[in-house]
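Please read the structure below before turning to the comments.
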Amino acid sequence: MNHDYQKDISGCGLTGLISRKRRRIGGADIVKSLCLMTDRGNGLGAGYAAYGIYPEFKDFYAFHIMFDEPSVRWTLEEYLKNNYHIEKIEEIPTSPVKAIPIAPLLVRYFVTPLRDKMAGDIQEADFVVNTVMKVNSEIEGAYIFSSGKNMGAFKGVGNPRDIAEFFRIEEYEGWTWTAHTRFPTNTPGWWGGAHPFTLLDWSIVHNGEISSYGINKRYLEMFGYKLTLLTDTEVAAYMLDLLIRRQGLDIPSACLVLAAPFWKKIDSLPEGEREALTALRQTYGSALLNGPFSILFGHSKGLVGINDRIKLRPLVAATKDDVTYMASEESAIRAICPAPDKVWAPRAGDPVIVNLED
Amino acid sequence: MFKSLAPPEYLATIDREKCIRCKRCIQNCGWGVYSWGGDKVLINTSKCVKCLRCYHYCPEEAIEIVDNPTRFKQNAYWGYNHLRNIKRQAETGGIPLTGMGSDLPYTILFDSLLIDACQVTNPSIDPLREPMELRTYLGKKPSSVEFEKGRDGKLKLKTKMPPQLKLSLPIIFSPMSFGSISLNAQKVLAIAAKECGILMNTGEGGLHEDLFPYRDNIIVQVASGRFGVNPDYLNAGVAVEIKIGQGAKPGIGGHLPGEKIPLEVARARMIPVGTDAISPAPQHDIYSIEDLRQLIYAIKEATNYKPVSVKIAAVHNVAAIASGIVRAGADIVYLDGFRGGTGAAPSIIRDHLGIPIEHAIAAVDDRLRQEGIRNEASIIAAGGIRSSADAAKAIALGADAVAIATAALITMGCTTCGKCYTGNCSWGITTQRPELTARLDPEVYAERLINLIHAWEHELKEILGALGINAIESLRGNRERLRGVGLDTQILDILGVKPAGR
């Protein structure tokens with residue numbers, strides 16, 4: 001029964017940073033920033049995503065996969081081998097942490113789709129998305145939690161410091177980082193449920209509870225997405241994938257869908273713009289994320305922060321030289337950047353869009 | 001005369017002590033219950049329908065209308081209506097008619113659904129302090145839009161948008177023809193629609209010239225009788241509706257007797273005065289979905305591509321039918337549930353054919369999504385919307401907007417007595433008798449209807465606020481925010497709703 005699901009709800013803290021000049025920054029900063037916001041999590045989930053961490057495999061999709069049972073690994077690898085060239089397989093390096101006595105088996109695969117398996121004129125990205133959807137909904141006990149190129153997500157059940165230690169986050173260097181600590185109010189305990197949530201090179205960390213979840217989910221299902229995680233974050237990630245990758249909207253327009261301007265504002269715009277925004281709302285009404293949220297979404301070309309249309313969740317931004325910081329709390333920024341050039345609170349629905357320099 | 005073996009339903013009584021013999025009751029009753037006996041008011045209670053017009057206009061509170069205590073022996077199987085109808089049929093050999101929607105105690109799913117509210121983890125929103133958007137656009141939507149950047153860097157639309165009907169809130173008035181209701185009642189609807197930024201619908205009765213000033217708020221209807229249809233009529237409103245069926249009488253045509261066709265009605269319908277206006281059961285040029293497609297496109301050609309709505313009764317296979325209608329090119333699918341009202345229908349049809357609107361919305365919305373065509377048409381849900389809560393539930397199940405008729409008539413004085421088909425409505429609504437219609441002052445009653453719409457608008461905003469959402473599109477199809485109480489697993493599955501507690 002497609003309606004009979006239990007939605008996953010949580011409060012959270014998030015933080016992110018990006019070097020516009022693609023300067024690779026060690027993981028220590030983001031860990032320190034996240035760990036400051038102790039009140040925003042309850043130790044039931046934390047995670048990190050970083051871009052630019054696999055320069056030696058940058059042309060391969062990096063699949064991070066968790067297995068509930070080690071035996072599932074062989075089923076999954078059988079499937080992967082039939083569809084992908086596998087450049088490298090390795091267990092994701094971890095360190096033992098006292099507070100994390102049990103963890104799923106974590107393996108990463110650097111892969112590229114086999115040409116002859118890509119039927120018709122299917123795009124490579126669609127092929128990978130289909131794989132992620134298929135594995136996550138059909139191979140029980142296997143879960144692909146990261147699938148982009150030269151990027152990766154690391155997440156699990158635990159507090160931010162323990163998860164960082166477990167995944168040896170400080171050993172990675174990336175030009176974009178996002179991180180998340182969770183305060184789930186129901187169904188804790190599954191590693192896949194932690195943030196960041198990723199698809200291809202999209203990664204999302206999200207704070208909030210999307211009150212429009214029901215229709216957002218059904219809207220995405222109309223386009224073939226399978227929502228297996230039942231979290232708001234998953235909705236946000238797939239929505240961006242749909243709007244930007246599949247339907248070709250640019251990032252500012254996609255933000256106008258997720259946090260649509262009010263009709264009152266649209267009505268007051270000059271004709272051309274009014275017509276454009278009216279059409280956008282008419283067409284994408286079911287994609288509006290309504291209810292409190294702040295979201296950071298990273299991608300291969302940059303980082304975006306956005307709030308809901310009446311700003312019911314905090315989001316602070318700051319810049320220092322080539323780095324832009326965004327976090328739930330200003331203190332989380334100042335913990336790693338004590339004297340920013342500029343600090344501001346983005347207005348409701350106004351995205352902060354940072355693009356990497358080429 | 002042979003006294004009917006069906007005892008009167010109601011007893012009209014006058015307290016003779018209180019009565020001042022002002023004769024207002026005689027004047028007000030459209031049914032002929034009261035007459036003047038020289039020194040007192042005489043009562044023929046068998047004609048009483050309990051519409052309460054006399055009670056309302058009695059200055060001395062002398063009138064009381066009570067349910068006749070003399071009833072057939074109570075029987076849980078052979079109900080009152082069974083006996084009464086059999087006796088009436090034995091006397092007349094005819095089909096007992098009725099008006100309004102079915103009043104039988106079938107399960108009312110609206111009353112088994114409860115709406116969510118926010119606590120702690122997501123904040124509720126105060127509609128008195130924050131913007132709360134109910135604006136709704138009806139019509140075909142593209143699945144994606146394309147833009148080009150203008151020279152000024154601003155967004156410029158590249159996609160050609162299909163025509164849209166703009167509503168200030170997702171409530172419109174259901175079709176009711178001039179003939180089934182009075183011109184004054186139609187004027188009430190038109191004035192209120194204009195004032196509230198919504199739409200009324202002519203029904204199958206043509207368009208009276210007095211309504212021309214309201215054309216921006218009118219949908220014109222084309223039904224099986226094709227009354228009043230010509231190119232000017234098709235272009236007179238903002239959209240055209242093809243009526244295939246009506247919830248109260250699915251599969252049944254209509255029959256407006258010649259006695260109800262005076263000059264004005266005849267002119268609007270373009271038929272001779274005093275002739276019966278018969279709407280056949282099917283449209284005789286639509287025997288299939290491909291025929292419907294031809295009519296949809298013929299109308300689009302004739303109107304320079306205004307939106308076309310197709311109205312159907314909610315029947316068992318409604319999802320597949322609606323899918324076909326969308327693929328045939330309709331911009332709007334209007335679903336009318338079995339509780340929907342009527343001016344006249346055989347009671348056996350009204351009470352036993354069709355399905356409730358709640359099931360129909362869920363089934364149609366699901367099917368259109370499964371087929372990936374939900375954006376191709378808007379869904380209007382009608383057939384027993386009694387309150388803003390019903391409207392909110394219908395929208396959460398998947399409707400874009402709801403249509404109301406009975407609720408609108410109640411603001412004009414209607415008490416749902418169900419005798420619309422007689423043409424004697426004492427409130428001047430479902431009658432063409434000039435002395436009765438004259439009492440329905442369009443300006444005065446429009447004010448009451450506008451009040452109702454505004455009140456529901458406020459209530460919808462409160463509901464959205466409690467749900468923590470500030471735009472109606474976030475409620476539309478958001479079944480996650482509904483819970484069922486006392487419904488079995490299969491019904492919950494059909495509705496796509498979880499049980500309360502989950």
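Just so we're on the same page: first chain in the structure tokens is A, next is B, and so on; residues restart at 1 for each chain, and ligands are numbered from 1 in the order they show up.
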Spatial neighbours of Thr136 (chain B), 8 Å, only C-alpha atoms, chain gap at least 6 places, as a PyMOL selection string: chain B and resi 166-170+400-401+472-473
Could the residues in this selection be saved with C-alpha atoms as a CSV table (one decimal), in the first residue's frame?
chain,number,residue,atom,x,y,z
B,166,LYS,CA,-8.4,32.0,-12.1
B,167,LEU,CA,-10.3,31.5,-8.9
B,168,SER,CA,-9.7,33.5,-5.7
B,169,LEU,CA,-10.5,30.4,-3.7
B,170,PRO,CA,-11.1,26.8,-4.8
B,400,ASP,CA,-8.3,21.1,-7.5
B,401,ALA,CA,-11.5,22.8,-6.5
B,472,ILE,CA,-3.7,25.7,-1.2
B,473,GLU,CA,-1.6,23.7,-3.7
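Residues from chain B found within 6 Å of chain A are B:Asn122, B:Lys141, B:Leu155, B:Lys156, B:Leu157, B:Arg369, B:Gly372, B:Gly468, B:Ile469, B:Glu473, B:Ser474, B:Gly477, B:Asn478, B:Glu480, B:Gly496, B:Lys498, counting only C-alpha atoms.
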For the selection you just gave me, I'd like the residues written to a file as a compact mmCIF listing (two decimals), in the first residue's frame, keeping N, CA and C atoms.
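Writing done, so here's out_23.txt:
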# COMPACT_ATOMS: atom_id res chain seq x y z
N ASN B 122 6.64 21.14 13.68
CA ASN B 122 6.48 22.11 12.60
C ASN B 122 5.48 23.15 13.08
N LYS B 141 -2.13 21.98 -17.32
CA LYS B 141 -0.81 22.54 -17.03
C LYS B 141 0.24 21.73 -17.82
N LEU B 155 13.52 36.60 -16.09
CA LEU B 155 12.93 35.41 -16.69
C LEU B 155 11.89 35.81 -17.72
N LYS B 156 11.89 35.09 -18.84
CA LYS B 156 10.86 35.31 -19.84
C LYS B 156 10.32 33.95 -20.24
N LEU B 157 9.01 33.83 -20.28
CA LEU B 157 8.38 32.54 -20.54
C LEU B 157 8.53 32.14 -22.00
N ARG B 369 -2.52 10.08 -11.89
CA ARG B 369 -1.11 10.10 -11.50
C ARG B 369 -0.38 8.87 -12.01
N GLY B 372 0.50 9.35 -15.33
CA GLY B 372 1.38 10.50 -15.57
C GLY B 372 0.69 11.66 -16.26
N GLY B 468 -0.03 24.17 8.92
CA GLY B 468 1.32 24.70 8.74
C GLY B 468 1.70 24.90 7.29
N ILE B 469 0.70 25.11 6.43
CA ILE B 469 0.99 25.40 5.03
C ILE B 469 0.29 26.69 4.64
N GLU B 473 -2.11 24.85 -2.86
CA GLU B 473 -1.55 23.75 -3.66
C GLU B 473 -0.79 22.74 -2.81
N SER B 474 -0.44 23.13 -1.58
CA SER B 474 0.24 22.18 -0.71
C SER B 474 -0.74 21.27 0.03
N GLY B 477 -4.20 17.07 -2.91
CA GLY B 477 -3.63 15.72 -3.08
C GLY B 477 -2.73 15.29 -1.94
N ASN B 478 -2.68 16.10 -0.88
CA ASN B 478 -1.79 15.80 0.25
C ASN B 478 -2.52 14.92 1.26
N GLU B 480 -1.51 12.63 3.01
CA GLU B 480 -0.72 12.41 4.23
C GLU B 480 -1.31 13.20 5.40
N GLY B 496 -6.34 6.09 -0.09
CA GLY B 496 -4.92 6.43 0.07
C GLY B 496 -4.67 7.18 1.36
N LYS B 498 -4.18 6.96 5.72
CA LYS B 498 -3.85 6.10 6.86
C LYS B 498 -4.94 6.18 7.92
message: Neighbouring residues of Pro96 (chain A) were defined as those with any atom within 9 Å, considering only C-alpha atoms; residues of the same chain fewer than 5 positions away were excluded. Please report them as a VMD selection string.
response: chain A and resid 101 165 to 166
message: Residues near Glu170 (chain A), anyone? I mean within 8 Å using only C-alpha atoms, not counting same-chain ones fewer than 4 positions away, as an MDAnalysis selection string.
response: chainID A and resid 26:28 31 164:165
field: Given only C-alpha atoms as the counted atoms, nearest of A:Trp74, A:Tyr109, A:Trp175, A:Tyr48 to His195 (chain A)
entry: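 Nearest candidate to His195 (chain A) out of A:Trp74, A:Tyr109, A:Trp175, A:Tyr48: A:Tyr48.
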query: What is the CA of Ile14 (chain B)-CA of Cys58 (chain B) distance in Å, reported with one decimal?
result: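 Spanning CA of Ile14 (chain B) to CA of Cys58 (chain B) is a straight-line distance of 10.0 Å.
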